[in-house]
Amino acid sequence: MSFVRLTILASALLTSLVGAAQTQVQAQTTLRIGIAEDPDILDPSIGRTYVGRIVFSAFCDKLFDIDEKLNIVPQLALSHETSADGKEMTIKLRPGVKFHDGEPLDAEAAKFSIERHMTLPTSFRKSELASVDHVEVVDPLTIKLVLKTAYSPLIAQLTDRSGMMVSPKAAKEAGDKFGLHPVCAGPYKFVERVQQDRMVFEKFADYWNKDNIHIDRVVFLPIVDATVRLANLKSGGLDLIERVLATDIKDVRADPKLVLSTAPELGYQGLTINIGNDKTKGPLSQSAKVRQALSLSIDREAINQVVFNGEFTPGNQWVSPTHPYYQKAFPIPGRDIGKAKALLKEAGVSLPVTVDYMVPKGTEYEAVAQVVQSMAAEAGFDIKVRVVEFATTFKQAQAGEFQVFQINWSGRIDPDGNSYIFMRSKAPQNDGVYSNPEADKLMEDGRATSNVEERKAIYGKLTKVLLDDLPIIYIYHRTLLIAHTKKLEGYRQMPDGLVRVVGLKFK
Amino acid sequence: MLNFLARRIAQIVPTLFFVSVLIFSLQQLLPGDPALVMAGEERDPAAIEQIRQQYKLDQPIPVQYVYWLKGVLTGNFGESLRNKMPVRELIAQKLPVTLQLGSMAILIAFLIGIPAGIVSAVKKGTVWDYGANLFALWGISTPNFWLGILMIFLFSIHLGWLPASGYVPLTEDWRASLAATIMPAFVLGNAISAVLMRHTRSAMLQVLESDYVRTARAKGLSERSVILKHAMRNALTPIITLGALELGTLLSGAVLTEQIFSIPGFGKLIVDAVFNRDYAVVQGVVLVTATVYITLNLVADVAYILVNPRLRG
């Protein structure tokens with residue numbers, strides 16, 4: 001008898017659970033976005049993660065934004081003008097913009113935000129805004145950034161976290177805890193965050209572009225496992241997911257309820273060579289010919305086919321072949337084992353050349369490392385792949401405990417953001433301690449001019465120098481893979497990988 | 001009894017102190033620099049230096065420990081390096097989630113494991129016994145993540161009955177909360193039920209052969225009454241202790257399951273904290289887990305004494 005009662009009770013409970021799950025699926029005033037990690041703090045001055053930038057784009061507008069072709073378009077600003085000597089940038093602000101707490105976004109507030117990025121002790125924006133000497137208020141809706149030296153990538157910095165505006169009132173009250181309850185001027189406002197579980201945002205009624213906001217709530221759910229993320233999208237538990245695995249593309253395309261959105265990424269995957277900090281003085285660090293031999297032994301298209309089903313883009317420069325600054329005069333070299341062997345012979349090194357090859361843990365990274373290993377072996381390299389947990393790689397990289405470090409960079413829209421910090425002498429992320437006065441000068445010149453044609457010519461010369469020296473061997477550029485339900489309309493993927501919610505609606 | 005309790009409680013303090021010293025020194029052995037890990041892609045030397053100073057990472061380890069211990073004694077567990085949340089708040093957010101998941105898992109384990117154990121002991125050598133053993137073997141040897149993904153495919157994608165992952169607090173919507181936790185609880189409970197079944201079986205077999213059971217049968221009691229009223233009560237005491245300990249293990253041992261079902265519990269918290277070198281969080285969580293574990297142990301011991309008068313004295 002009791003067993004019968006228990007069965008009835010259990011089935012009643014189960015039915016009600018199923019009911020609960022299905023009501024959840026039907027509610028469509030909420031956009032549920034599955035992200036690959038739990039972001040760090042939601043403060044644009046202190047934020048450091050790529051995934052954090054995705055969340056910011058739902059609630060924290062910037063002075064400028066980008067379009068699909070990487071053109072810079074106004075967002076909270078209306079226009080900008082740079083003086084002839086490149087040392088002053090005047091920015092006109094959009095009138096009538098309010099922060100989530102009702103405070104107005106005027107020139108004083110914009111000045112405050114930029115100064116906060118520049119002066120908050122733990123700010124990670126300091127180096128991005130290092131060229132700015134001070135900010136002046138010209139009139140209630142105009143600010144002027146006065147620079148120490150001309151710095152053309154500045155406008156690009158203002159399309160990212162450095163250009164995000166925060167409410168001065170809220171920021172002053174919260175100090176460095178601002179990120180726990182961020183107050184910005186974006187389309188949605190912060191409601192709550194449960195660590196590792198969800199971040200909830202609701203429509204901001206006074207948003208400057210409110211006519212293009214059609215969804216009431218946006219919820220970000222960190223789901224680390226890519227398979228589970230996709231399973232949630234398929235079951236209707238999520239509406240959009242980022243970072244679909246290349247190996248799952250077929251599956252997504254075959255599903256009539258799903259849409260795949262793609263864009264070429266701004267970043268790259270490359271092999272950083274330890275040139276100036278290699279204590280063992282291995283052949284790779286001592287001879288550019290050996291580095292060229294390694295580069296020639298790699299079949300980039302084959303890596304793309306084998307590991308990524310041909311969905312990514314092979315590359316040989318710090319920007320992808322689709323980028324406006326890609327130097328077409330230096331195309332991707334084909335694999336040439338004969339030439340690689342000849343170069344090794346010319347360099348006079350004894351074979352095989354042993355290489356300590358560090359790669360962060362991760363299925364795709366490790367697969368690439370193994371393919372490189374077997375390709376390079378044919379030319380005479382003995383690559384010892386060393387898989388290191390991600391958190392440890394940076395420390396070892398800085399300490400010079402590697403000969404090759406396979407690492408990706410998420411990328412910035414200005415070519416300077418993909419080159420300077422990695423290859424300029426003494427730059428913070430120049431782990432290979434590469435130093436070439438000629439390259440240094442060209443990188444400085446690239447920063448000083450804002451004329452696009454002149455800059456392209458400078459980067460052409462720089463490409464020549466860097467492809468000869470090869471401090472970094474570029475291999476491929478990922479394709480940003482975002483999948484969403486067919487019910488979601490108006491989604492457009494930009495090359496920066498961020499998920500823009502303005503203009504989205506449910507059918 | 002009071003003496004016993006006093007002695008046990010007095011032991012807790014040095015144990016926790018030892019645990020805290022151990023975890024503090026062990027995590028210093030982890031390679032990597034917390035400030036560098038925190039900076040990630042944005043390695044600005046000035047900002048990194050600032051982080052080191054702010055979180056006293058530039059101080060000698062014993063000094064860091066003293067700072068931390070001082071904080072703990074005043075109820076301040078420090079703040080997360082990664083997102084500046086007070087560790088105390090993080091723990092308060094996660095502990096109820098883990099306790100809910102753990103209790104449901106243990107309940108499921110008891111509901112499956114004990115009846116299966118009893119049946120296989122009573123019907124020893126029959127097809128029921130083999131069936132139950134096979135089930136136990138399956139439960140112990142099935143990896144959690146595999147069973148979890150399989151269940152998601154069946155119940156969420158194929159049938160569409162349950163949400164694939166995520167968590168809803170009990171207080172917000174109890175039905176949605178149960179719907180979100182039933183699959184992970186089953187996955188966890190399934191493995192434990194196998195252990196419980198094996199223990200129940202051997203305990204029951206032992207009890208069933210004892211004199212008092214033979215006496216009970218000789219008195220002419222029904223088999224049902226012999227098993228449920230006489231044999232089971234005695235056999236179950238160690239099983240309940242085992243259950244309490246398993247619950248303790250679940251506090252931080254449900255990592256994989258929490259990861260697959262995106263349940264924001266203790267396991268996920270500590271694993272993420274270790275990968276991010278978020279020392280304050282690791283220390284806080286380990287300390288709380290140890291405290292709960294020790295308390296559960298104590299409760300189990302006390303319960304043992306309460307049900308078994310021979311141990312009093």
# chains A, B, ... in the order shown; residues from 1 in each chain; ligands from 1
$ residues_around --residues "stretch 64-80 of chain B" --least-positions-apart "3" --cutoff "8 Å" --atoms "only C-alpha atoms" --output "PyMOL selection string"
chain B and resi 24+56-57+59-61+83-88+278-281+284
$ write_last_selection --atoms "N, CA and C atoms" --output "CSV table (one decimal), in the first residue's frame"
chain,number,residue,atom,x,y,z
B,24,PHE,N,46.8,26.4,3.8
B,24,PHE,CA,47.6,27.7,3.5
B,24,PHE,C,48.9,27.3,2.9
B,56,LYS,N,48.3,41.9,-0.2
B,56,LYS,CA,49.4,41.5,0.7
B,56,LYS,C,50.2,40.3,0.1
B,57,LEU,N,50.1,40.1,-1.2
B,57,LEU,CA,50.8,39.0,-1.8
B,57,LEU,C,52.3,39.2,-1.8
B,59,GLN,N,53.9,40.1,0.8
B,59,GLN,CA,54.4,39.8,2.2
B,59,GLN,C,54.8,38.4,2.3
B,60,PRO,N,55.7,38.1,3.3
B,60,PRO,CA,56.1,36.7,3.5
B,60,PRO,C,54.8,35.8,3.9
B,61,ILE,N,54.9,34.6,3.6
B,61,ILE,CA,53.7,33.7,3.8
B,61,ILE,C,53.2,33.6,5.2
B,83,ASN,N,36.8,38.7,-8.1
B,83,ASN,CA,35.6,39.6,-8.3
B,83,ASN,C,35.3,40.4,-7.1
B,84,LYS,N,36.2,40.5,-6.1
B,84,LYS,CA,36.0,41.4,-5.0
B,84,LYS,C,34.8,41.1,-4.1
B,85,MET,N,34.2,40.0,-4.3
B,85,MET,CA,33.1,39.6,-3.4
B,85,MET,C,33.7,39.1,-2.1
B,86,PRO,N,33.0,39.5,-1.0
B,86,PRO,CA,33.5,38.9,0.3
B,86,PRO,C,33.3,37.4,0.3
B,87,VAL,N,34.3,36.7,0.7
B,87,VAL,CA,34.3,35.2,0.7
B,87,VAL,C,33.1,34.7,1.5
B,88,ARG,N,32.8,35.4,2.6
B,88,ARG,CA,31.7,35.0,3.5
B,88,ARG,C,30.4,35.0,2.7
B,278,ASP,N,42.7,31.9,-6.6
B,278,ASP,CA,41.9,32.8,-5.7
B,278,ASP,C,42.1,32.3,-4.3
B,279,TYR,N,43.2,32.5,-3.7
B,279,TYR,CA,43.6,31.9,-2.4
B,279,TYR,C,42.5,32.1,-1.3
B,280,ALA,N,42.1,33.3,-1.2
B,280,ALA,CA,41.1,33.6,0.0
B,280,ALA,C,39.9,32.7,-0.2
B,281,VAL,N,39.4,32.5,-1.4
B,281,VAL,CA,38.2,31.7,-1.6
B,281,VAL,C,38.5,30.2,-1.2
B,284,GLY,N,38.8,29.8,2.6
B,284,GLY,CA,37.4,30.0,3.2
B,284,GLY,C,36.6,28.7,3.0
$ residues_around --residues "stretch 266-283 of chain A" --least-positions-apart "5" --cutoff "6 Å" --atoms "only C-alpha atoms" --output "PyMOL selection string"
chain A and resi 400+403-412+432-434+471-477+495
$ residues_around --residues "A:Asp336" --least-positions-apart "4" --cutoff "12 Å" --atoms "only C-alpha atoms" --output "list in words"
Gln292, Ala293, Leu294, Ser295, Leu296, Ser297, Ile298, Asp299, Arg300, Ile332, Ala340, Lys341, Ala342, Leu343, Met375, Ala376, Glu378 and Ala379 of chain A
$ write_last_selection --atoms "C-alpha atoms" --output "PDB file, in the first residue's frame"
ATOM      1  CA  GLN A 292      62.137  30.476 -40.567  1.00  0.00           C
ATOM      2  CA  ALA A 293      62.770  26.754 -41.000  1.00  0.00           C
ATOM      3  CA  LEU A 294      60.236  26.014 -38.278  1.00  0.00           C
ATOM      4  CA  SER A 295      57.698  28.306 -39.923  1.00  0.00           C
ATOM      5  CA  LEU A 296      58.261  26.680 -43.323  1.00  0.00           C
ATOM      6  CA  SER A 297      57.791  23.201 -41.890  1.00  0.00           C
ATOM      7  CA  ILE A 298      54.231  24.052 -40.816  1.00  0.00           C
ATOM      8  CA  ASP A 299      51.323  23.470 -43.184  1.00  0.00           C
ATOM      9  CA  ARG A 300      48.821  25.998 -41.847  1.00  0.00           C
ATOM     10  CA  ILE A 332      50.946  32.862 -46.224  1.00  0.00           C
ATOM     11  CA  ALA A 340      63.401  24.314 -44.244  1.00  0.00           C
ATOM     12  CA  LYS A 341      66.117  21.654 -44.257  1.00  0.00           C
ATOM     13  CA  ALA A 342      68.358  23.891 -46.351  1.00  0.00           C
ATOM     14  CA  LEU A 343      67.895  26.751 -43.889  1.00  0.00           C
ATOM     15  CA  MET A 375      55.103  18.442 -39.182  1.00  0.00           C
ATOM     16  CA  ALA A 376      58.259  20.014 -37.762  1.00  0.00           C
ATOM     17  CA  GLU A 378      60.075  16.065 -40.879  1.00  0.00           C
ATOM     18  CA  ALA A 379      62.275  19.133 -41.209  1.00  0.00           C
TER      19      ALA A 379
END
$ select_by_dssp --residues "stretch 261-459 of chain A" --states "alpha helix (DSSP H)" --output "PyMOL selection string"
chain A and resi 283-286+288-297+300-308+337-347+363-379+390-398+416-423+437-448+452-459
$ closest_atom_pairs --of "chain A" --to "chain B" --cutoff "7 Å" --atoms "only C-alpha atoms" --output "JSON lines"
{"residue": "A:Ser16", "atom": "CA", "partner": "B:Arg175", "partner_atom": "CA", "distance": 6.9}
{"residue": "A:Leu17", "atom": "CA", "partner": "B:Ala179", "partner_atom": "CA", "distance": 5.0}
{"residue": "A:Val18", "atom": "CA", "partner": "B:Trp161", "partner_atom": "CA", "distance": 4.9}
{"residue": "A:Ala20", "atom": "CA", "partner": "B:Ala176", "partner_atom": "CA", "distance": 5.4}
{"residue": "A:Ala21", "atom": "CA", "partner": "B:Leu162", "partner_atom": "CA", "distance": 5.4}
{"residue": "A:Asp40", "atom": "CA", "partner": "B:Asn83", "partner_atom": "CA", "distance": 5.2}
{"residue": "A:Ile41", "atom": "CA", "partner": "B:Asn83", "partner_atom": "CA", "distance": 4.3}
{"residue": "A:Arg48", "atom": "CA", "partner": "B:Glu42", "partner_atom": "CA", "distance": 6.1}
{"residue": "A:Pro121", "atom": "CA", "partner": "B:Gln50", "partner_atom": "CA", "distance": 6.5}
{"residue": "A:Thr122", "atom": "CA", "partner": "B:Ala47", "partner_atom": "CA", "distance": 5.2}
{"residue": "A:Ser123", "atom": "CA", "partner": "B:Ala47", "partner_atom": "CA", "distance": 6.2}
{"residue": "A:Phe124", "atom": "CA", "partner": "B:Ala47", "partner_atom": "CA", "distance": 6.1}
{"residue": "A:Ser127", "atom": "CA", "partner": "B:Asp44", "partner_atom": "CA", "distance": 6.8}
{"residue": "A:Lys177", "atom": "CA", "partner": "B:Lys84", "partner_atom": "CA", "distance": 6.8}
{"residue": "A:Gln196", "atom": "CA", "partner": "B:Pro264", "partner_atom": "CA", "distance": 5.6}
{"residue": "A:Asp197", "atom": "CA", "partner": "B:Pro264", "partner_atom": "CA", "distance": 5.4}
{"residue": "A:Ile223", "atom": "CA", "partner": "B:Ser262", "partner_atom": "CA", "distance": 5.9}
{"residue": "A:Asp225", "atom": "CA", "partner": "B:Ile260", "partner_atom": "CA", "distance": 6.7}
{"residue": "A:Val228", "atom": "CA", "partner": "B:Ile260", "partner_atom": "CA", "distance": 6.5}
{"residue": "A:Ala231", "atom": "CA", "partner": "B:Ile157", "partner_atom": "CA", "distance": 6.7}
{"residue": "A:Asn232", "atom": "CA", "partner": "B:Ala164", "partner_atom": "CA", "distance": 5.4}
{"residue": "A:Lys234", "atom": "CA", "partner": "B:Ile157", "partner_atom": "CA", "distance": 6.2}
{"residue": "A:Ser235", "atom": "CA", "partner": "B:Ile157", "partner_atom": "CA", "distance": 4.5}
{"residue": "A:Gly237", "atom": "CA", "partner": "B:Pro163", "partner_atom": "CA", "distance": 6.2}
{"residue": "A:Ala391", "atom": "CA", "partner": "B:Val37", "partner_atom": "CA", "distance": 5.4}
{"residue": "A:Thr392", "atom": "CA", "partner": "B:Gly32", "partner_atom": "CA", "distance": 4.3}
{"residue": "A:Phe394", "atom": "CA", "partner": "B:Leu36", "partner_atom": "CA", "distance": 6.9}
{"residue": "A:Lys395", "atom": "CA", "partner": "B:Gly32", "partner_atom": "CA", "distance": 5.5}
{"residue": "A:Pro428", "atom": "CA", "partner": "B:Asp44", "partner_atom": "CA", "distance": 6.3}
{"residue": "A:Gln429", "atom": "CA", "partner": "B:Arg43", "partner_atom": "CA", "distance": 6.5}
$ residues_around --residues "A:Ser131" --least-positions-apart "5" --cutoff "10 Å" --atoms "only C-alpha atoms" --output "number ranges by chain"
A: 87, 126, 145-154
$ write_last_selection --atoms "N, CA and C atoms" --output "short mmCIF file (atom, residue, chain, number, x, y, z; two decimals), in the first residue's frame"
data_model
loop_
_atom_site.label_atom_id
_atom_site.label_comp_id
_atom_site.auth_asym_id
_atom_site.auth_seq_id
_atom_site.Cartn_x
_atom_site.Cartn_y
_atom_site.Cartn_z
N LYS A 87 47.70 65.68 -31.38
CA LYS A 87 47.87 65.72 -29.93
C LYS A 87 46.62 66.16 -29.16
N LYS A 126 45.10 51.73 -17.58
CA LYS A 126 46.13 52.76 -17.55
C LYS A 126 47.00 52.74 -18.80
N LEU A 145 40.54 65.47 -25.18
CA LEU A 145 41.62 64.68 -24.61
C LEU A 145 42.93 65.29 -25.11
N VAL A 146 43.74 65.75 -24.18
CA VAL A 146 45.03 66.33 -24.56
C VAL A 146 46.09 65.24 -24.36
N LEU A 147 46.82 64.94 -25.44
CA LEU A 147 47.76 63.82 -25.40
C LEU A 147 49.19 64.29 -25.16
N LYS A 148 50.00 63.36 -24.63
CA LYS A 148 51.41 63.67 -24.45
C LYS A 148 52.11 63.62 -25.80
N THR A 149 51.78 62.58 -26.57
CA THR A 149 52.30 62.47 -27.94
C THR A 149 51.15 61.96 -28.80
N ALA A 150 51.28 62.17 -30.11
CA ALA A 150 50.24 61.69 -31.01
C ALA A 150 50.12 60.17 -30.86
N TYR A 151 48.90 59.66 -30.84
CA TYR A 151 48.68 58.23 -30.61
C TYR A 151 47.40 57.82 -31.34
N SER A 152 47.59 57.36 -32.57
CA SER A 152 46.42 57.08 -33.40
C SER A 152 45.52 55.93 -32.90
N PRO A 153 46.03 54.92 -32.19
CA PRO A 153 45.12 53.85 -31.73
C PRO A 153 44.15 54.30 -30.63
N LEU A 154 44.27 55.54 -30.15
CA LEU A 154 43.43 55.96 -29.02
C LEU A 154 41.94 55.79 -29.32
#
$ residues_around --residues "A:Glu438" --least-positions-apart "5" --cutoff "9 Å" --atoms "only C-alpha atoms" --output "list of chain:residue names"
A:Met443, A:Leu462, A:Val465
$ write_last_selection --atoms "C-alpha atoms" --output "PDB file, in the first residue's frame"
ATOM      1  CA  MET A 443      55.914  50.573 -34.271  1.00  0.00           C
ATOM      2  CA  LEU A 462      57.212  46.410 -40.143  1.00  0.00           C
ATOM      3  CA  VAL A 465      61.174  43.110 -40.572  1.00  0.00           C
TER       4      VAL A 465
END
$ closest_atom_pairs --of "stretch 128-235 of chain B" --to "stretch 108-114 of chain B" --cutoff "12 Å" --atoms "only C-alpha atoms" --output "JSON lines"
{"residue": "B:Ala132", "atom": "CA", "partner": "B:Gly113", "partner_atom": "CA", "distance": 9.2}
{"residue": "B:Asn133", "atom": "CA", "partner": "B:Gly113", "partner_atom": "CA", "distance": 10.8}
{"residue": "B:Phe135", "atom": "CA", "partner": "B:Gly113", "partner_atom": "CA", "distance": 9.9}
{"residue": "B:Ala136", "atom": "CA", "partner": "B:Gly113", "partner_atom": "CA", "distance": 8.5}
{"residue": "B:Gly139", "atom": "CA", "partner": "B:Gly113", "partner_atom": "CA", "distance": 10.3}
{"residue": "B:Ile140", "atom": "CA", "partner": "B:Gly113", "partner_atom": "CA", "distance": 11.9}
{"residue": "B:Thr181", "atom": "CA", "partner": "B:Ile108", "partner_atom": "CA", "distance": 11.9}
{"residue": "B:Ile182", "atom": "CA", "partner": "B:Ile108", "partner_atom": "CA", "distance": 9.5}
{"residue": "B:Met183", "atom": "CA", "partner": "B:Ile108", "partner_atom": "CA", "distance": 10.8}
{"residue": "B:Pro184", "atom": "CA", "partner": "B:Ile108", "partner_atom": "CA", "distance": 10.9}
{"residue": "B:Ala185", "atom": "CA", "partner": "B:Ile108", "partner_atom": "CA", "distance": 7.4}
{"residue": "B:Phe186", "atom": "CA", "partner": "B:Ile108", "partner_atom": "CA", "distance": 6.6}
{"residue": "B:Val187", "atom": "CA", "partner": "B:Ile108", "partner_atom": "CA", "distance": 9.5}
{"residue": "B:Leu188", "atom": "CA", "partner": "B:Ala109", "partner_atom": "CA", "distance": 8.2}
{"residue": "B:Gly189", "atom": "CA", "partner": "B:Ala109", "partner_atom": "CA", "distance": 4.5}
{"residue": "B:Asn190", "atom": "CA", "partner": "B:Ala109", "partner_atom": "CA", "distance": 6.0}
{"residue": "B:Ala191", "atom": "CA", "partner": "B:Ala109", "partner_atom": "CA", "distance": 7.8}
{"residue": "B:Ile192", "atom": "CA", "partner": "B:Ala109", "partner_atom": "CA", "distance": 5.7}
{"residue": "B:Ser193", "atom": "CA", "partner": "B:Ala109", "partner_atom": "CA", "distance": 4.0}
{"residue": "B:Ala194", "atom": "CA", "partner": "B:Gly113", "partner_atom": "CA", "distance": 6.0}
{"residue": "B:Val195", "atom": "CA", "partner": "B:Gly113", "partner_atom": "CA", "distance": 7.5}
{"residue": "B:Leu196", "atom": "CA", "partner": "B:Gly113", "partner_atom": "CA", "distance": 5.2}
{"residue": "B:Met197", "atom": "CA", "partner": "B:Gly113", "partner_atom": "CA", "distance": 4.2}
{"residue": "B:Arg198", "atom": "CA", "partner": "B:Gly113", "partner_atom": "CA", "distance": 8.0}
{"residue": "B:His199", "atom": "CA", "partner": "B:Ile114", "partner_atom": "CA", "distance": 8.8}
{"residue": "B:Thr200", "atom": "CA", "partner": "B:Ile114", "partner_atom": "CA", "distance": 6.1}
{"residue": "B:Arg201", "atom": "CA", "partner": "B:Ile114", "partner_atom": "CA", "distance": 8.2}
{"residue": "B:Ser202", "atom": "CA", "partner": "B:Ile114", "partner_atom": "CA", "distance": 11.4}
{"residue": "B:Ala203", "atom": "CA", "partner": "B:Ile114", "partner_atom": "CA", "distance": 10.8}
{"residue": "B:Met204", "atom": "CA", "partner": "B:Ile114", "partner_atom": "CA", "distance": 10.1}
{"residue": "B:Leu228", "atom": "CA", "partner": "B:Ile114", "partner_atom": "CA", "distance": 11.5}
{"residue": "B:Met232", "atom": "CA", "partner": "B:Ile114", "partner_atom": "CA", "distance": 9.6}
{"residue": "B:Arg233", "atom": "CA", "partner": "B:Ile114", "partner_atom": "CA", "distance": 11.7}
{"residue": "B:Ala235", "atom": "CA", "partner": "B:Ile114", "partner_atom": "CA", "distance": 10.3}
